[in-house]
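Shown below: input00.cif, with mmCIF, C-alpha atoms.
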```
data_entry
loop_
_atom_site.label_atom_id
_atom_site.label_comp_id
_atom_site.auth_asym_id
_atom_site.auth_seq_id
_atom_site.Cartn_x
_atom_site.Cartn_y
_atom_site.Cartn_z
CA MET A 1 -101.30 -111.77 -107.09
CA GLU A 2 -100.73 -113.63 -110.35
CA SER A 3 -100.66 -110.46 -112.47
CA ALA A 4 -98.17 -108.87 -110.05
CA GLU A 5 -95.86 -111.87 -110.48
CA VAL A 6 -96.15 -111.65 -114.25
CA GLN A 7 -95.39 -107.92 -114.14
CA GLN A 8 -92.34 -108.50 -111.92
CA ARG A 9 -91.04 -111.26 -114.19
CA CYS A 10 -91.69 -109.12 -117.26
CA THR A 11 -89.75 -106.19 -115.83
CA ALA A 12 -86.86 -108.33 -114.66
CA GLU A 13 -86.40 -110.05 -118.04
CA ASP A 14 -86.99 -107.07 -120.34
CA VAL A 15 -83.32 -106.10 -120.53
CA SER A 16 -81.74 -109.49 -121.19
CA SER A 17 -84.57 -111.43 -122.86
CA THR A 18 -84.62 -112.16 -126.56
CA LEU A 19 -87.31 -110.67 -128.80
CA ASP A 20 -89.42 -113.84 -128.80
CA LYS A 21 -89.25 -114.20 -125.00
CA TRP A 22 -90.03 -110.50 -124.57
CA CYS A 23 -93.11 -110.83 -126.81
CA GLU A 24 -94.29 -113.91 -124.95
CA ASP A 25 -93.97 -112.16 -121.58
CA ILE A 26 -95.82 -109.08 -122.82
CA PHE A 27 -98.61 -111.22 -124.26
CA SER A 28 -98.84 -113.25 -121.04
CA ARG A 29 -99.31 -110.13 -118.96
CA LEU A 30 -101.95 -108.79 -121.37
CA VAL A 31 -103.91 -112.02 -121.00
CA CYS A 32 -103.64 -111.98 -117.20
CA GLU A 33 -104.58 -108.33 -116.71
CA ASN A 34 -107.17 -107.81 -119.44
CA GLY A 35 -108.52 -111.23 -120.38
CA ILE A 36 -107.27 -110.79 -123.94
CA SER A 37 -107.94 -113.73 -126.27
CA ASN A 38 -106.09 -112.69 -129.44
CA ILE A 39 -102.94 -110.57 -129.76
CA ALA A 40 -100.80 -109.59 -132.73
CA LEU A 41 -97.67 -107.45 -132.86
CA PHE A 42 -96.85 -105.65 -136.11
CA VAL A 43 -93.61 -103.68 -136.52
CA LEU A 44 -92.17 -101.52 -139.28
CA VAL A 45 -89.15 -103.23 -140.83
CA ASP A 46 -87.46 -101.38 -143.70
CA ASP A 47 -90.59 -99.20 -143.97
CA LYS A 48 -92.86 -102.26 -144.33
CA LEU A 49 -95.25 -103.46 -141.67
CA LYS A 50 -94.44 -107.04 -140.61
CA LEU A 51 -96.08 -109.55 -138.28
CA ILE A 52 -93.53 -110.71 -135.69
CA ALA A 53 -95.68 -112.48 -133.07
CA SER A 54 -99.26 -113.50 -132.40
CA GLN A 55 -101.32 -115.34 -129.84
CA THR A 56 -104.69 -116.88 -130.62
CA GLN A 57 -106.73 -118.70 -127.96
CA ASP A 58 -103.63 -119.10 -125.71
CA VAL A 59 -101.41 -120.41 -128.55
CA PHE A 60 -98.30 -118.19 -128.87
CA ASN A 61 -96.39 -117.96 -132.15
CA PHE A 62 -93.19 -116.08 -132.93
CA TYR A 63 -92.02 -115.59 -136.53
CA PRO A 64 -88.21 -115.25 -136.64
CA ALA A 65 -88.12 -114.15 -140.28
CA PHE A 66 -91.14 -111.81 -139.79
CA LYS A 67 -94.23 -112.36 -141.93
CA PRO A 68 -96.28 -110.02 -144.14
CA CYS A 69 -98.97 -108.51 -141.93
CA GLU A 70 -101.68 -109.87 -144.29
CA GLU A 71 -100.92 -113.38 -143.04
CA TYR A 72 -102.51 -112.67 -139.67
CA SER A 73 -106.03 -112.09 -140.98
CA GLY A 74 -105.64 -113.49 -144.49
CA TYR A 75 -106.31 -110.14 -146.15
CA TYR A 76 -104.91 -106.59 -146.14
CA ILE A 77 -105.88 -104.34 -143.22
CA ASP A 78 -104.82 -100.71 -142.95
CA TRP A 79 -103.88 -100.77 -139.26
CA GLU A 80 -102.92 -97.09 -139.27
CA SER A 81 -106.32 -96.00 -140.55
CA LEU A 82 -108.06 -98.35 -138.13
CA ALA A 83 -106.10 -96.96 -135.17
CA ASN A 84 -106.84 -93.37 -136.22
CA LYS A 85 -110.53 -94.11 -136.81
CA HIS A 86 -111.05 -95.39 -133.27
CA LYS A 87 -108.53 -93.14 -131.55
CA GLN A 88 -111.18 -91.22 -129.61
CA HIS A 89 -112.85 -94.28 -128.05
CA PHE A 90 -109.69 -96.47 -128.09
CA SER A 91 -111.59 -99.74 -128.67
CA PHE A 92 -114.53 -100.88 -130.79
CA ILE A 93 -116.94 -103.81 -130.91
CA SER A 94 -117.67 -106.18 -133.79
CA GLU A 95 -119.13 -109.64 -134.30
CA LEU A 96 -115.96 -111.37 -135.58
CA ALA A 97 -112.30 -111.56 -134.64
CA PHE A 98 -109.74 -110.46 -137.22
CA ASN A 99 -107.98 -113.83 -137.05
CA GLY A 100 -110.73 -116.36 -137.77
CA GLY A 101 -114.24 -116.32 -139.13
CA TRP A 102 -116.01 -118.18 -136.33
CA GLN A 103 -118.97 -116.78 -134.49
CA GLN A 104 -120.78 -118.12 -131.43
CA ASP A 105 -124.21 -117.20 -130.15
CA ASN A 106 -124.22 -114.03 -128.02
CA GLN A 107 -120.47 -113.56 -128.57
CA LEU A 108 -118.93 -110.27 -129.65
CA TRP A 109 -115.34 -109.06 -129.89
CA GLU A 110 -113.79 -105.92 -128.48
CA HIS A 111 -110.77 -104.75 -130.46
CA ALA A 112 -108.06 -102.17 -129.85
CA VAL A 113 -105.30 -101.17 -132.28
CA ILE A 114 -102.56 -99.49 -130.26
CA PRO A 115 -99.86 -97.44 -132.06
CA LEU A 116 -96.37 -98.09 -130.71
CA TYR A 117 -93.64 -95.44 -130.63
CA LYS A 118 -90.01 -94.91 -129.74
CA ARG A 119 -90.25 -91.30 -128.66
CA GLU A 120 -91.80 -89.75 -131.81
CA HIS A 121 -90.74 -92.53 -134.13
CA ARG A 122 -93.53 -94.98 -134.97
CA LEU A 123 -92.50 -98.62 -134.51
CA GLY A 124 -95.72 -100.44 -135.33
CA TYR A 125 -99.07 -101.53 -133.88
CA LEU A 126 -100.37 -103.91 -131.25
CA LEU A 127 -103.74 -105.54 -131.89
CA VAL A 128 -105.65 -106.94 -128.91
CA GLU A 129 -109.01 -108.69 -129.03
CA ALA A 130 -111.20 -109.82 -126.14
CA GLU A 131 -114.43 -111.79 -126.14
CA THR A 132 -117.47 -109.99 -124.77
CA SER A 133 -121.19 -110.64 -124.50
CA THR A 134 -122.23 -106.98 -124.53
CA ARG A 135 -121.49 -103.91 -126.62
CA GLU A 136 -120.06 -102.10 -123.62
CA ARG A 137 -116.36 -101.33 -124.06
CA ARG A 138 -114.21 -102.32 -121.08
CA LEU A 139 -110.66 -101.88 -122.49
CA SER A 140 -109.16 -98.54 -121.45
CA GLU A 141 -106.23 -96.73 -123.02
CA LYS A 142 -104.70 -96.11 -119.60
CA GLY A 143 -104.54 -99.85 -118.93
CA PHE A 144 -102.02 -100.19 -121.76
CA ASP A 145 -99.64 -97.40 -120.72
CA TRP A 146 -97.19 -99.97 -119.38
CA VAL A 147 -97.07 -101.59 -122.84
CA ARG A 148 -96.18 -98.30 -124.50
CA GLU A 149 -93.49 -97.59 -121.89
CA ASN A 150 -92.02 -101.06 -122.28
CA VAL A 151 -92.05 -100.75 -126.08
CA ASP A 152 -90.44 -97.30 -125.94
CA THR A 153 -87.62 -98.68 -123.77
CA HIS A 154 -86.96 -102.10 -125.31
CA LEU A 155 -88.62 -102.96 -128.61
CA LYS A 156 -86.40 -101.17 -131.13
CA CYS A 157 -83.19 -102.51 -129.57
CA LYS A 158 -84.61 -106.02 -129.43
CA ILE A 159 -85.63 -105.88 -133.09
CA LEU A 160 -82.14 -104.72 -134.07
CA ALA A 161 -80.52 -107.42 -131.92
CA HIS A 162 -82.82 -110.07 -133.40
CA ARG A 163 -82.12 -109.01 -136.99
CA LEU A 164 -78.39 -109.00 -136.29
CA ASN A 165 -78.67 -112.48 -134.83
CA GLN A 166 -80.65 -113.62 -137.89
CA GLN A 167 -77.95 -112.20 -140.14
CA ASN A 168 -75.34 -114.13 -138.17
CA VAL A 169 -77.43 -117.29 -138.46
CA ASN A 170 -77.86 -116.74 -142.20
CA SER A 171 -74.14 -116.05 -142.52
CA ARG A 172 -73.28 -119.27 -140.69
CA LYS A 173 -75.77 -121.14 -142.86
CA SER A 174 -74.15 -119.69 -145.97
CA GLU A 175 -70.75 -120.77 -144.69
CA LEU A 176 -72.07 -124.28 -144.01
CA ASP A 177 -73.68 -124.40 -147.45
CA LEU A 178 -70.40 -123.30 -149.02
CA ALA A 179 -68.46 -125.90 -147.04
CA LEU A 180 -70.95 -128.58 -148.08
CA HIS A 181 -70.69 -127.44 -151.70
CA ASN A 182 -66.89 -127.58 -151.53
CA HIS A 183 -67.05 -131.03 -149.92
CA THR A 184 -69.42 -132.25 -152.63
CA LEU A 185 -67.19 -130.77 -155.32
CA ALA A 186 -64.12 -132.41 -153.78
CA SER A 187 -65.97 -135.74 -153.64
CA GLN A 188 -66.99 -135.43 -157.28
CA LEU A 189 -63.43 -134.60 -158.27
CA GLY A 190 -62.31 -137.63 -156.28
CA TYR A 191 -64.83 -139.81 -158.15
CA LEU A 192 -63.59 -138.47 -161.48
CA LYS A 193 -60.01 -139.15 -160.47
CA ASN A 194 -60.88 -142.70 -159.41
CA LEU A 195 -62.83 -143.21 -162.63
CA HIS A 196 -59.83 -142.08 -164.65
CA GLU A 197 -57.54 -144.41 -162.67
CA ILE A 198 -59.97 -147.32 -163.13
CA SER A 199 -60.13 -146.67 -166.86
CA LEU A 200 -56.35 -146.71 -167.06
CA ARG A 201 -56.20 -149.95 -165.06
CA PHE A 202 -58.70 -151.62 -167.35
CA THR A 203 -56.65 -150.72 -170.42
CA LYS A 204 -53.83 -152.87 -169.01
CA ALA A 205 -55.99 -155.99 -169.14
CA THR A 206 -55.02 -158.28 -172.03
CA THR A 207 -57.39 -161.17 -171.26
CA ILE A 208 -60.81 -161.74 -169.73
CA ASN A 209 -59.03 -163.36 -166.77
CA SER A 210 -56.84 -160.33 -166.07
CA LEU A 211 -59.80 -157.98 -166.60
CA CYS A 212 -61.80 -159.85 -163.92
CA ARG A 213 -58.90 -159.74 -161.47
CA ILE A 214 -58.43 -156.01 -161.97
CA ALA A 215 -62.19 -155.48 -161.44
CA VAL A 216 -62.10 -157.40 -158.13
CA GLU A 217 -59.03 -155.49 -156.94
CA LEU A 218 -60.62 -152.16 -157.81
CA GLY A 219 -63.87 -153.15 -156.10
CA ARG A 220 -61.95 -153.93 -152.92
CA ASP A 221 -59.63 -150.90 -153.02
CA LYS A 222 -61.85 -148.20 -154.52
CA LEU A 223 -65.35 -149.27 -153.44
CA GLN A 224 -64.44 -150.81 -150.07
CA ILE A 225 -66.24 -154.08 -150.97
CA ASP A 226 -65.31 -156.84 -148.49
CA ARG A 227 -66.59 -159.88 -150.39
CA MET A 228 -67.16 -160.17 -154.11
CA GLY A 229 -66.64 -162.49 -157.03
CA ILE A 230 -66.98 -162.39 -160.81
CA PHE A 231 -68.52 -165.33 -162.67
CA LEU A 232 -68.73 -166.08 -166.39
CA CYS A 233 -72.06 -167.55 -167.46
CA ASP A 234 -72.97 -169.59 -170.54
CA VAL A 235 -76.67 -169.47 -171.34
CA GLU A 236 -76.46 -172.37 -173.82
CA THR A 237 -74.84 -174.84 -171.38
CA HIS A 238 -76.53 -173.25 -168.40
CA LYS A 239 -73.23 -173.25 -166.50
CA MET A 240 -71.24 -170.64 -164.63
CA TRP A 241 -67.47 -170.52 -164.03
CA GLY A 242 -65.53 -168.66 -161.40
CA THR A 243 -62.75 -166.18 -162.18
CA TRP A 244 -61.50 -164.03 -159.31
CA GLY A 245 -63.00 -163.11 -155.95
CA THR A 246 -62.16 -162.39 -152.31
CA ASP A 247 -61.71 -164.71 -149.35
CA PRO A 248 -63.17 -164.13 -145.84
CA ASP A 249 -60.16 -161.91 -145.06
CA GLY A 250 -60.76 -159.72 -148.10
CA GLN A 251 -57.76 -161.01 -150.03
CA VAL A 252 -58.01 -161.44 -153.82
CA VAL A 253 -58.00 -165.17 -154.66
CA ASP A 254 -58.30 -167.30 -157.78
CA ARG A 255 -61.72 -168.96 -158.11
CA SER A 256 -61.18 -170.49 -161.56
CA GLU A 257 -61.75 -174.02 -160.21
CA PHE A 258 -65.38 -173.15 -159.47
CA CYS A 259 -67.94 -174.52 -161.91
CA GLN A 260 -71.62 -175.36 -161.42
CA GLU A 261 -75.08 -175.10 -162.90
CA MET A 262 -76.46 -171.59 -162.97
CA PRO A 263 -78.92 -171.13 -160.09
CA ASN A 264 -82.56 -170.71 -161.08
CA THR A 265 -83.20 -167.41 -159.32
CA LEU A 266 -85.18 -164.30 -160.20
CA PHE A 267 -81.95 -162.31 -160.07
CA MET A 268 -80.28 -164.46 -162.73
CA GLU A 269 -83.42 -164.58 -164.86
CA GLU A 270 -83.81 -160.80 -164.76
CA ALA A 271 -80.13 -160.26 -165.58
CA PHE A 272 -80.23 -162.43 -168.69
CA THR A 273 -83.61 -161.10 -169.79
CA LYS A 274 -82.22 -157.55 -169.78
CA LYS A 275 -79.06 -158.75 -171.54
CA MET A 276 -81.06 -160.36 -174.34
CA ASN A 277 -83.23 -157.29 -174.75
#
```
File written out as structure tokens:
Amino acid sequence: MESAEVQQRCTAEDVSSTLDKWCEDIFSRLVCENGISNIALFVLVDDKLKLIASQTQDVFNFYPAFKPCEEYSGYYIDWESLANKHKQHFSFISELAFNGGWQQDNQLWEHAVIPLYKREHRLGYLLVEAETSTRERRLSEKGFDWVRENVDTHLKCKILAHRLNQQNVNSRKSELDLALHNHTLASQLGYLKNLHEISLRFTKATTINSLCRIAVELGRDKLQIDRMGIFLCDVETHKMWGTWGTDPDGQVVDRSEFCQEMPNTLFMEEAFTKKMN
């Protein structure tokens, strides 16, 4: 009953589903009908075999950018030669799975490498692996006819649609990167313009008092600083005098009446230590 539901869902969603959803549905049906443990789908993209989806111990993975097929097993495997070698018997038995080097007592693996076609045009290969405790092959070629039919009808179109979508995503990303670059460039130009304006403003200062006022005004207008003040410090007398600052409303006010002992803080000590060095 469960496999029939999976088959019905698979058929209903084949036309409209995305490539990743299509792969997941195909893999799910393979697991339900054949007890498959590991699955990998390799497709030819620009004449190179790529890994687009895999499932290992019920964990499904889809690779939107497509991976080199070597990444499935960790080493190069000639899937075409392997499929041709076991074409007569369809499946073969070994002691290890292609994806992983683990081995349990009395556990063997039955493998099948299934060529996939669109009419006479080869699209890629489907690898399926099932755990077994005997050397008797139970996977039959006929049991995978529905996979070949589904692939023949849908896979090539879904790959093309997926690659087109990826190109659109990459195009949008490039547009966003360009917009961010332009925004950064505009910000940098704005900083340079402000720096030039600040430099010009400072040249108009004729005294320390006017220089401090200009600095406070620029800090408020150009740096959006709400509260600030500039103090003159005398290390010999250990006193500090006010110049200009801002009030609680952010207005520039004269603080020249302020005078007190310099506070004994780490900030002040560090500032003067660096100044002396």
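Here CA of Glu141 (chain A) is placed at a distance of 8.7 Å from CA of His89 (chain A).
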Hey, which bits of region 132-237 of chain A sit within 12 Å of region 46-70 of chain A, and for each residue what's the closest pair of atoms and how far apart in Å (one decimal), counting all atoms listed in the file, rows by chain and increasing number, as CSV?
```
residue,atom,partner,partner_atom,distance
A:Leu155,CA,A:Ile52,CA,11.6
A:Lys158,CA,A:Ile52,CA,11.9
A:Ile159,CA,A:Ile52,CA,9.6
A:Leu160,CA,A:Asp46,CA,11.5
A:Ala161,CA,A:Pro64,CA,11.9
A:His162,CA,A:Pro64,CA,8.1
A:Arg163,CA,A:Ala65,CA,8.6
A:Leu164,CA,A:Pro64,CA,11.6
A:Asn165,CA,A:Pro64,CA,10.1
A:Gln166,CA,A:Pro64,CA,7.8
A:Gln167,CA,A:Ala65,CA,10.4
A:Val169,CA,A:Pro64,CA,11.1
A:Asn170,CA,A:Ala65,CA,10.8
```
Which centre and which edge lengths, in Å to one decimal, describe the axis-aligned box that holds all listed atoms of region 235-244 of chain A after 6 Å is added on each side, as AutoDock Vina command-line options?
```
--center_x -69.1 --center_y -169.4 --center_z -166.6 --size_x 27.2 --size_y 22.8 --size_z 26.5
```
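Here the PyMOL selection byres ((chain A and resi 248) around 12) catches exactly these residues: Ile225, Asp226, Arg227, Met228, Gly229, Gly245, Thr246, Asp247, Asp249, Gly250, Gln251, Val252 and Val253 of chain A.
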Checklist line | Atomic distance CA of Glu110 (chain A) - CA of Ser133 (chain A), expressed in Å with one decimal | finding: 9.6 Å
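Picture a line from CA of Thr243 (chain A) to CA of Gly219 (chain A); it runs 14.4 Å.
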Item checked: Residue neighbourhood Lys118 (chain A), 8 Å, only C-alpha atoms, exclusion window fewer than 3 positions, as JSON, numbers by chain -> {"A": [121, 122, 123, 151, 152, 153, 156]}
Note to self: Please list as a PyMOL selection string every residue within 12 Å of Asn194 (chain A), counting all atoms listed in the file and excluding residues in the same chain fewer than 6 positions away.
What the structure shows: chain A and resi 187-188+200-201+218-219+221-223
Check: From the set A:His196, A:Arg119, A:His111, A:His183, which residue has the shortest atom-to-atom contact distance to Ala40 (chain A), counting all atoms listed in the file?
Finding: A:His111
Check: Could you spell out the hits of the PyMOL selection byres ((chain A and resi 131) around 12) on the shown file, as number ranges by chain?
Finding: A: 31, 34-38, 56-57, 92-97, 103-111, 128-130, 132-139
Next item on the list: Starting from the displayed file, determine the output of the PyMOL selection byres ((chain A and resi 257) around 9) and express the residue list as a PyMOL selection string.
Entry: chain A and resi 241-243+254-256+258-259
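Each of A:Leu185, A:Val216, A:Leu41, A:Ile208 was checked against Leu19 (chain A) using all atoms listed in the file; the smallest atom-to-atom distance is that of A:Leu41.
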Name the residues in contact with Asn264 (chain A) at a cut-off of 12 Å, using only C-alpha atoms, excluding same-chain residues fewer than 6 positions from it; report them as a tab-separated table (two decimals) with C-alpha atoms, in the coordinates of the input.
```
chain	number	residue	atom	x	y	z
A	235	VAL	CA	-76.67	-169.47	-171.34
A	238	HIS	CA	-76.53	-173.25	-168.40
A	239	LYS	CA	-73.23	-173.25	-166.50
A	240	MET	CA	-71.24	-170.64	-164.63
A	270	GLU	CA	-83.81	-160.80	-164.76
A	271	ALA	CA	-80.13	-160.26	-165.58
A	272	PHE	CA	-80.23	-162.43	-168.69
```
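Using only C-alpha atoms, the nearest neighbour of Thr237 (chain A) within the list A:Gln224, A:Thr18, A:Phe267, A:Gln260 is A:Gln260.
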Item checked: Selection near Leu126 (chain A), 9 Å with all atoms listed in the file, sequence-local residues under 2 positions removed, as a VMD selection string -> chain A and resid 39 to 43 112 to 116 124 128
